[in-house]
Amino acid sequence: MFNNTLDDLGLKYNTDKASTWGMNNQSYLGHNYLKSYELFMAPMKKEAFTLVELGCFQGASLKMWKEYFKKAEIVGVDLDENLKAIEEKRISFICSDATSQEFPEKLSQYKNIKCIIDDCSHAWADQRISLEMLFPILESGGYYIIEDLECGTTGAYPNFPPKIEDSQSFWDYAMDRLKILRVSESINQQAFRPFFSQLPQRIQQLELSIAMSIIIPGAIIFRKK
Ligand SMILES: C[S@@+](CC[C@H](N)C(=O)[O-])C[C@H]1O[C@@H](n2cnc3c(N)ncnc32)[C@H](O)[C@@H]1O
């Protein structure tokens with residue numbers, strides 16, 4: 001029996017973000033992200049905004065977002081051009097590599113992007129590239145979610161290896177981004193974190209624009225200032 005919680009909708013559309021999901025008549029434990037997401041997504045239920053999901057597979061999660069966020073425009077992004085077929089009212093599709101430098105331009109037609117979910121290659125290096133490229137285009141108060149951090153250096157798709165070789169765990173990278181002190185805009189930052197000014201400008205900007213982070217098993221969520 002579905003009560004239209006976000007997890008109920010995940011079960012209805014059969015995404016592995018839900019508490020359970022099924023394939024070939026087998027039932028599996030899901031990532032169980034949705035009960036946690038609902039804690040911060042519920043206030044956005046009636047808002048008109050754009051949600052972008054990187055990685056669509058068969059479109060299950062896009063349909064779930066559409067039913068949960070009644071006024072949102074849902075944009076799915078995937079390497080698989082056949083997924084154009086999942087377009088319907090309030091669901092559009094962009095065929096792109098989510099890590100390519102041209103990708104943000106393809107998103108520029110969409111306004112008021114308040115939620116971005118990275119559920120594509122799951123390779124740590126790719127997750128970093130997309131975060132650094134896309135966090136700047138997220139609206140103030142918006143959420144950037146990175147899922148399935150357990151997949152590690154190679155990610156879930158060995159056929160599409162990550163673009164840069166880097167063994168730093170995404171968890172370590174994410175924790176580094178949160179080391180910024182709230183005195184950062186003042187001279188005191190120099191004393192507390194002397195290497196801040198040596199970070200690339202885009203990383204300094206990223207750190208300065210994070211308001212909050214939520215960590216759940218397998219995923220991390222950044223809220224933009
Ligand atoms: C885990 S599935 C997405 C599942 C979907 N979000 C759901 O919950 O129903 C991952 C998808 O990411 C796509 N993908 C993998 N690497 C990608 C990349 N670099 N850019 C865009 N899409 C990618 C794959 O083609 C696949 O369809």
# chains A, B, ... in the order shown; residues from 1 in each chain; ligands from 1

call {"tool": "select_by_dssp", "arguments": {"residues": "segment 31-175 of chain A", "states": "helix (DSSP H, G or I)", "output": "PyMOL selection string"}}
result
chain A and resi 34-44+60-68+81-86+103-107+124-137+149-151+170-175

call {"tool": "write_last_selection", "arguments": {"atoms": "N, CA and C atoms", "output": "short mmCIF file (atom, residue, chain, number, x, y, z; two decimals), in the first residue's frame"}}
result
data_model
loop_
_atom_site.label_atom_id
_atom_site.label_comp_id
_atom_site.auth_asym_id
_atom_site.auth_seq_id
_atom_site.Cartn_x
_atom_site.Cartn_y
_atom_site.Cartn_z
N LEU A 34 16.04 7.44 0.34
CA LEU A 34 14.90 8.36 0.16
C LEU A 34 14.30 8.85 1.46
N LYS A 35 14.35 8.00 2.51
CA LYS A 35 13.81 8.46 3.80
C LYS A 35 14.64 9.62 4.33
N SER A 36 15.95 9.59 4.08
CA SER A 36 16.81 10.70 4.51
C SER A 36 16.58 11.93 3.63
N TYR A 37 16.46 11.72 2.31
CA TYR A 37 16.25 12.87 1.41
C TYR A 37 14.97 13.62 1.77
N GLU A 38 13.94 12.83 2.17
CA GLU A 38 12.65 13.48 2.41
C GLU A 38 12.74 14.51 3.54
N LEU A 39 13.69 14.32 4.46
CA LEU A 39 13.83 15.26 5.58
C LEU A 39 14.09 16.68 5.08
N PHE A 40 14.88 16.81 3.99
CA PHE A 40 15.14 18.17 3.48
C PHE A 40 14.39 18.47 2.18
N MET A 41 13.86 17.43 1.53
CA MET A 41 13.13 17.68 0.27
C MET A 41 11.67 18.06 0.50
N ALA A 42 11.10 17.60 1.61
CA ALA A 42 9.66 17.84 1.84
C ALA A 42 9.27 19.32 1.70
N PRO A 43 10.07 20.26 2.25
CA PRO A 43 9.67 21.67 2.11
C PRO A 43 9.66 22.17 0.66
N MET A 44 10.28 21.41 -0.26
CA MET A 44 10.33 21.85 -1.66
C MET A 44 9.22 21.22 -2.52
N ALA A 60 13.39 5.45 -13.99
CA ALA A 60 12.55 5.20 -12.80
C ALA A 60 12.59 6.38 -11.83
N SER A 61 13.80 6.86 -11.53
CA SER A 61 13.89 7.92 -10.52
C SER A 61 13.31 9.24 -11.06
N LEU A 62 13.43 9.46 -12.39
CA LEU A 62 12.89 10.70 -12.96
C LEU A 62 11.37 10.75 -12.75
N LYS A 63 10.73 9.59 -12.94
CA LYS A 63 9.26 9.52 -12.76
C LYS A 63 8.91 9.74 -11.28
N MET A 64 9.75 9.19 -10.41
CA MET A 64 9.52 9.37 -8.97
C MET A 64 9.61 10.85 -8.60
N TRP A 65 10.67 11.55 -9.10
CA TRP A 65 10.83 12.98 -8.77
C TRP A 65 9.62 13.76 -9.29
N LYS A 66 9.19 13.42 -10.52
CA LYS A 66 8.07 14.15 -11.12
C LYS A 66 6.82 14.01 -10.26
N GLU A 67 6.56 12.82 -9.75
CA GLU A 67 5.33 12.64 -8.95
C GLU A 67 5.47 13.31 -7.57
N TYR A 68 6.68 13.32 -7.02
CA TYR A 68 6.87 13.90 -5.68
C TYR A 68 6.85 15.43 -5.73
N GLU A 81 21.89 7.76 -25.73
CA GLU A 81 20.99 8.64 -26.49
C GLU A 81 19.58 8.06 -26.62
N ASN A 82 19.44 6.74 -26.48
CA ASN A 82 18.11 6.11 -26.59
C ASN A 82 17.17 6.58 -25.48
N LEU A 83 17.74 7.14 -24.42
CA LEU A 83 16.91 7.58 -23.30
C LEU A 83 16.09 8.82 -23.62
N LYS A 84 16.30 9.39 -24.80
CA LYS A 84 15.45 10.50 -25.27
C LYS A 84 13.98 10.07 -25.18
N ALA A 85 13.75 8.75 -25.33
CA ALA A 85 12.38 8.21 -25.33
C ALA A 85 11.68 8.38 -23.98
N ILE A 86 12.43 8.70 -22.92
CA ILE A 86 11.77 8.84 -21.61
C ILE A 86 11.16 10.23 -21.42
N PHE A 103 29.14 20.36 -21.00
CA PHE A 103 27.86 20.00 -20.38
C PHE A 103 27.14 21.19 -19.71
N PRO A 104 27.82 22.02 -18.90
CA PRO A 104 27.09 23.12 -18.24
C PRO A 104 26.35 24.01 -19.24
N GLU A 105 26.93 24.22 -20.41
CA GLU A 105 26.28 25.04 -21.45
C GLU A 105 24.94 24.41 -21.87
N LYS A 106 24.92 23.06 -21.95
CA LYS A 106 23.68 22.38 -22.34
C LYS A 106 22.58 22.57 -21.29
N LEU A 107 23.00 22.84 -20.05
CA LEU A 107 22.02 23.03 -18.97
C LEU A 107 21.54 24.48 -18.88
N TRP A 124 34.95 8.26 -8.33
CA TRP A 124 35.26 9.42 -7.49
C TRP A 124 35.72 10.63 -8.29
N ALA A 125 36.60 10.38 -9.29
CA ALA A 125 37.14 11.51 -10.05
C ALA A 125 36.04 12.20 -10.85
N ASP A 126 35.12 11.40 -11.41
CA ASP A 126 34.01 11.98 -12.17
C ASP A 126 33.10 12.79 -11.24
N GLN A 127 32.87 12.25 -10.05
CA GLN A 127 32.00 12.96 -9.09
C GLN A 127 32.60 14.31 -8.74
N ARG A 128 33.92 14.36 -8.63
CA ARG A 128 34.59 15.64 -8.32
C ARG A 128 34.46 16.62 -9.47
N ILE A 129 34.69 16.12 -10.70
CA ILE A 129 34.61 17.02 -11.87
C ILE A 129 33.22 17.64 -11.96
N SER A 130 32.19 16.79 -11.83
CA SER A 130 30.82 17.30 -11.97
C SER A 130 30.49 18.27 -10.84
N LEU A 131 30.88 17.94 -9.61
CA LEU A 131 30.60 18.84 -8.48
C LEU A 131 31.23 20.21 -8.72
N GLU A 132 32.51 20.21 -9.12
CA GLU A 132 33.21 21.49 -9.28
C GLU A 132 32.63 22.30 -10.45
N MET A 133 32.12 21.60 -11.48
CA MET A 133 31.54 22.31 -12.64
C MET A 133 30.14 22.80 -12.36
N LEU A 134 29.36 22.00 -11.61
CA LEU A 134 27.92 22.28 -11.51
C LEU A 134 27.51 23.00 -10.24
N PHE A 135 28.31 22.90 -9.18
CA PHE A 135 27.90 23.60 -7.94
C PHE A 135 27.73 25.10 -8.18
N PRO A 136 28.57 25.72 -9.00
CA PRO A 136 28.38 27.16 -9.26
C PRO A 136 27.05 27.51 -9.92
N ILE A 137 26.43 26.57 -10.66
CA ILE A 137 25.17 26.93 -11.32
C ILE A 137 23.94 26.57 -10.47
N LEU A 149 28.93 6.38 -3.10
CA LEU A 149 30.36 6.68 -2.93
C LEU A 149 31.19 5.42 -2.69
N GLU A 150 30.53 4.30 -2.47
CA GLU A 150 31.27 3.06 -2.24
C GLU A 150 31.91 2.51 -3.52
N CYS A 151 31.51 3.05 -4.68
CA CYS A 151 32.02 2.48 -5.94
C CYS A 151 33.49 2.83 -6.20
N PHE A 170 36.80 10.00 -2.34
CA PHE A 170 35.89 11.14 -2.40
C PHE A 170 35.54 11.63 -1.00
N TRP A 171 35.48 10.70 -0.06
CA TRP A 171 35.16 11.10 1.32
C TRP A 171 36.21 12.09 1.82
N ASP A 172 37.51 11.78 1.58
CA ASP A 172 38.57 12.68 2.04
C ASP A 172 38.45 14.03 1.33
N TYR A 173 38.20 13.97 0.02
CA TYR A 173 38.04 15.19 -0.76
C TYR A 173 36.89 16.04 -0.19
N ALA A 174 35.76 15.36 0.11
CA ALA A 174 34.58 16.08 0.62
C ALA A 174 34.88 16.69 1.99
N MET A 175 35.57 15.94 2.83
CA MET A 175 35.89 16.48 4.16
C MET A 175 36.83 17.68 4.03
#

call {"tool": "residues_near_ligand", "arguments": {"ligand": "ligand 1", "cutoff": "9 Å", "atoms": "only C-alpha atoms and all ligand atoms", "output": "PDB file with C-alpha atoms, in the first residue's frame"}}
result
ATOM      1  CA  GLY A  10      10.730   4.950  -5.098  1.00  0.00           C
ATOM      2  CA  TYR A  13       8.776   3.200  -9.790  1.00  0.00           C
ATOM      3  CA  ASN A  14      11.440   0.668  -8.755  1.00  0.00           C
ATOM      4  CA  THR A  15      14.593   2.734  -8.288  1.00  0.00           C
ATOM      5  CA  ASP A  16      17.438   1.320  -6.206  1.00  0.00           C
ATOM      6  CA  LYS A  17      17.437   4.584  -4.205  1.00  0.00           C
ATOM      7  CA  ALA A  18      14.420   3.133  -2.336  1.00  0.00           C
ATOM      8  CA  GLU A  53      19.665  14.028 -12.284  1.00  0.00           C
ATOM      9  CA  LEU A  54      22.947  12.776 -13.765  1.00  0.00           C
ATOM     10  CA  GLY A  55      22.356   9.134 -14.791  1.00  0.00           C
ATOM     11  CA  CYS A  56      18.881   7.911 -15.792  1.00  0.00           C
ATOM     12  CA  PHE A  57      19.124   4.151 -16.572  1.00  0.00           C
ATOM     13  CA  GLN A  58      15.440   3.437 -17.398  1.00  0.00           C
ATOM     14  CA  GLY A  59      14.012   6.662 -16.037  1.00  0.00           C
ATOM     15  CA  ALA A  60      12.547   5.202 -12.803  1.00  0.00           C
ATOM     16  CA  SER A  61      13.891   7.924 -10.521  1.00  0.00           C
ATOM     17  CA  LEU A  62      12.887  10.704 -12.955  1.00  0.00           C
ATOM     18  CA  LYS A  63       9.262   9.524 -12.756  1.00  0.00           C
ATOM     19  CA  MET A  64       9.520   9.370  -8.971  1.00  0.00           C
ATOM     20  CA  GLY A  76      17.644  13.650 -16.884  1.00  0.00           C
ATOM     21  CA  VAL A  77      21.201  13.416 -18.242  1.00  0.00           C
ATOM     22  CA  ASP A  78      22.787  10.257 -19.622  1.00  0.00           C
ATOM     23  CA  LEU A  79      25.340   8.994 -22.148  1.00  0.00           C
ATOM     24  CA  ASP A  80      22.705   6.716 -23.678  1.00  0.00           C
ATOM     25  CA  LEU A  83      16.906   7.577 -23.302  1.00  0.00           C
ATOM     26  CA  CYS A  95      22.342  13.267 -23.927  1.00  0.00           C
ATOM     27  CA  SER A  96      25.742  14.161 -22.504  1.00  0.00           C
ATOM     28  CA  ASP A  97      28.717  12.972 -20.569  1.00  0.00           C
ATOM     29  CA  ALA A  98      28.126  14.612 -17.172  1.00  0.00           C
ATOM     30  CA  THR A  99      31.857  15.326 -16.857  1.00  0.00           C
ATOM     31  CA  SER A 100      32.402  17.033 -20.225  1.00  0.00           C
ATOM     32  CA  ILE A 117      21.738  14.420  -8.060  1.00  0.00           C
ATOM     33  CA  ASP A 118      24.868  12.638  -9.285  1.00  0.00           C
ATOM     34  CA  ASP A 119      23.840   9.004  -9.877  1.00  0.00           C
ATOM     35  CA  CYS A 120      25.921   8.283 -12.977  1.00  0.00           C
ATOM     36  CA  SER A 121      29.396   6.737 -13.256  1.00  0.00           C
ATOM     37  CA  HIS A 122      30.028   6.720  -9.475  1.00  0.00           C
ATOM     38  CA  ALA A 123      33.767   7.084 -10.088  1.00  0.00           C
ATOM     39  CA  ASP A 126      34.006  11.977 -12.171  1.00  0.00           C
ATOM     40  CA  ASP A 148      27.008   5.541  -4.254  1.00  0.00           C
ATOM     41  CA  GLY A 155      33.137   3.533 -10.503  1.00  0.00           C
ATOM     42  CA  ALA A 156      30.268   1.305 -11.583  1.00  0.00           C
ATOM     43  CA  TYR A 157      30.966   1.325 -15.331  1.00  0.00           C
ATOM     44  CA  PHE A 160      33.537   4.210 -19.215  1.00  0.00           C
ATOM     45  CA  PRO A 161      36.666   4.633 -17.088  1.00  0.00           C
ATOM     46  CA  PRO A 162      37.069   7.902 -15.162  1.00  0.00           C
ATOM     47  CA  LYS A 163      38.652  10.832 -17.010  1.00  0.00           C
TER      48      LYS A 163
END

call {"tool": "select_by_dssp", "arguments": {"residues": "segment 4-220 of chain A", "states": "strand (DSSP E or B)", "output": "VMD selection string"}}
result
chain A and resid 20 to 23 26 to 29 50 to 54 73 to 78 88 91 to 95 113 to 118 143 to 146 210 to 216 219 to 220

call {"tool": "write_last_selection", "arguments": {"atoms": "C-alpha atoms", "output": "PDB file, in the first residue's frame"}}
result
ATOM      1  CA  THR A  20      14.020  -2.233  -1.653  1.00  0.00           C
ATOM      2  CA  TRP A  21      13.857  -2.756  -5.407  1.00  0.00           C
ATOM      3  CA  GLY A  22      13.359  -5.662  -7.751  1.00  0.00           C
ATOM      4  CA  MET A  23      14.801  -7.152 -10.925  1.00  0.00           C
ATOM      5  CA  GLN A  26      14.102 -10.991  -7.311  1.00  0.00           C
ATOM      6  CA  SER A  27      13.862  -8.432  -4.518  1.00  0.00           C
ATOM      7  CA  TYR A  28      16.991  -6.641  -3.283  1.00  0.00           C
ATOM      8  CA  LEU A  29      17.825  -4.216  -0.491  1.00  0.00           C
ATOM      9  CA  THR A  50      14.464  22.506 -11.859  1.00  0.00           C
ATOM     10  CA  LEU A  51      15.851  19.185 -10.625  1.00  0.00           C
ATOM     11  CA  VAL A  52      18.723  17.684 -12.613  1.00  0.00           C
ATOM     12  CA  GLU A  53      19.665  14.028 -12.284  1.00  0.00           C
ATOM     13  CA  LEU A  54      22.947  12.776 -13.765  1.00  0.00           C
ATOM     14  CA  GLU A  73      10.846  20.481 -14.182  1.00  0.00           C
ATOM     15  CA  ILE A  74      12.851  17.226 -14.141  1.00  0.00           C
ATOM     16  CA  VAL A  75      15.952  17.011 -16.361  1.00  0.00           C
ATOM     17  CA  GLY A  76      17.644  13.650 -16.884  1.00  0.00           C
ATOM     18  CA  VAL A  77      21.201  13.416 -18.242  1.00  0.00           C
ATOM     19  CA  ASP A  78      22.787  10.257 -19.622  1.00  0.00           C
ATOM     20  CA  GLU A  88       7.248  13.414 -21.261  1.00  0.00           C
ATOM     21  CA  ILE A  91      10.618  15.369 -17.889  1.00  0.00           C
ATOM     22  CA  SER A  92      13.282  16.348 -20.402  1.00  0.00           C
ATOM     23  CA  PHE A  93      16.462  14.597 -21.437  1.00  0.00           C
ATOM     24  CA  ILE A  94      19.986  15.748 -22.297  1.00  0.00           C
ATOM     25  CA  CYS A  95      22.342  13.267 -23.927  1.00  0.00           C
ATOM     26  CA  ILE A 113      18.206  24.676 -10.608  1.00  0.00           C
ATOM     27  CA  LYS A 114      17.707  23.812  -6.932  1.00  0.00           C
ATOM     28  CA  CYS A 115      18.624  20.145  -6.856  1.00  0.00           C
ATOM     29  CA  ILE A 116      21.338  18.156  -8.664  1.00  0.00           C
ATOM     30  CA  ILE A 117      21.738  14.420  -8.060  1.00  0.00           C
ATOM     31  CA  ASP A 118      24.868  12.638  -9.285  1.00  0.00           C
ATOM     32  CA  TYR A 143      21.094  20.789  -2.736  1.00  0.00           C
ATOM     33  CA  TYR A 144      23.807  18.812  -4.550  1.00  0.00           C
ATOM     34  CA  ILE A 145      23.670  15.061  -3.856  1.00  0.00           C
ATOM     35  CA  ILE A 146      26.420  12.570  -4.699  1.00  0.00           C
ATOM     36  CA  ILE A 210      28.892  25.480   1.013  1.00  0.00           C
ATOM     37  CA  ALA A 211      26.380  26.237   3.762  1.00  0.00           C
ATOM     38  CA  MET A 212      25.867  22.749   5.145  1.00  0.00           C
ATOM     39  CA  SER A 213      26.600  19.117   4.466  1.00  0.00           C
ATOM     40  CA  ILE A 214      24.572  16.027   5.327  1.00  0.00           C
ATOM     41  CA  ILE A 215      26.306  12.654   5.358  1.00  0.00           C
ATOM     42  CA  ILE A 216      24.317   9.433   5.123  1.00  0.00           C
ATOM     43  CA  ALA A 219      26.066   9.454  -0.056  1.00  0.00           C
ATOM     44  CA  ILE A 220      26.803  13.077   0.760  1.00  0.00           C
TER      45      ILE A 220
END

call {"tool": "residues_around", "arguments": {"residues": "Gln205 of chain A", "least_positions_apart": "2", "cutoff": "12 Å", "atoms": "only C-alpha atoms", "output": "number ranges by chain"}}
result
A: 132-133, 135-136, 177, 180, 184-185, 196-197, 199-203, 207-210, 224-225

call {"tool": "closest_residue", "arguments": {"among": "A:Lys179, A:His31, A:Arg90, A:Lys70", "to": "Leu11 of chain A", "atoms": "only C-alpha atoms"}}
result
A:His31
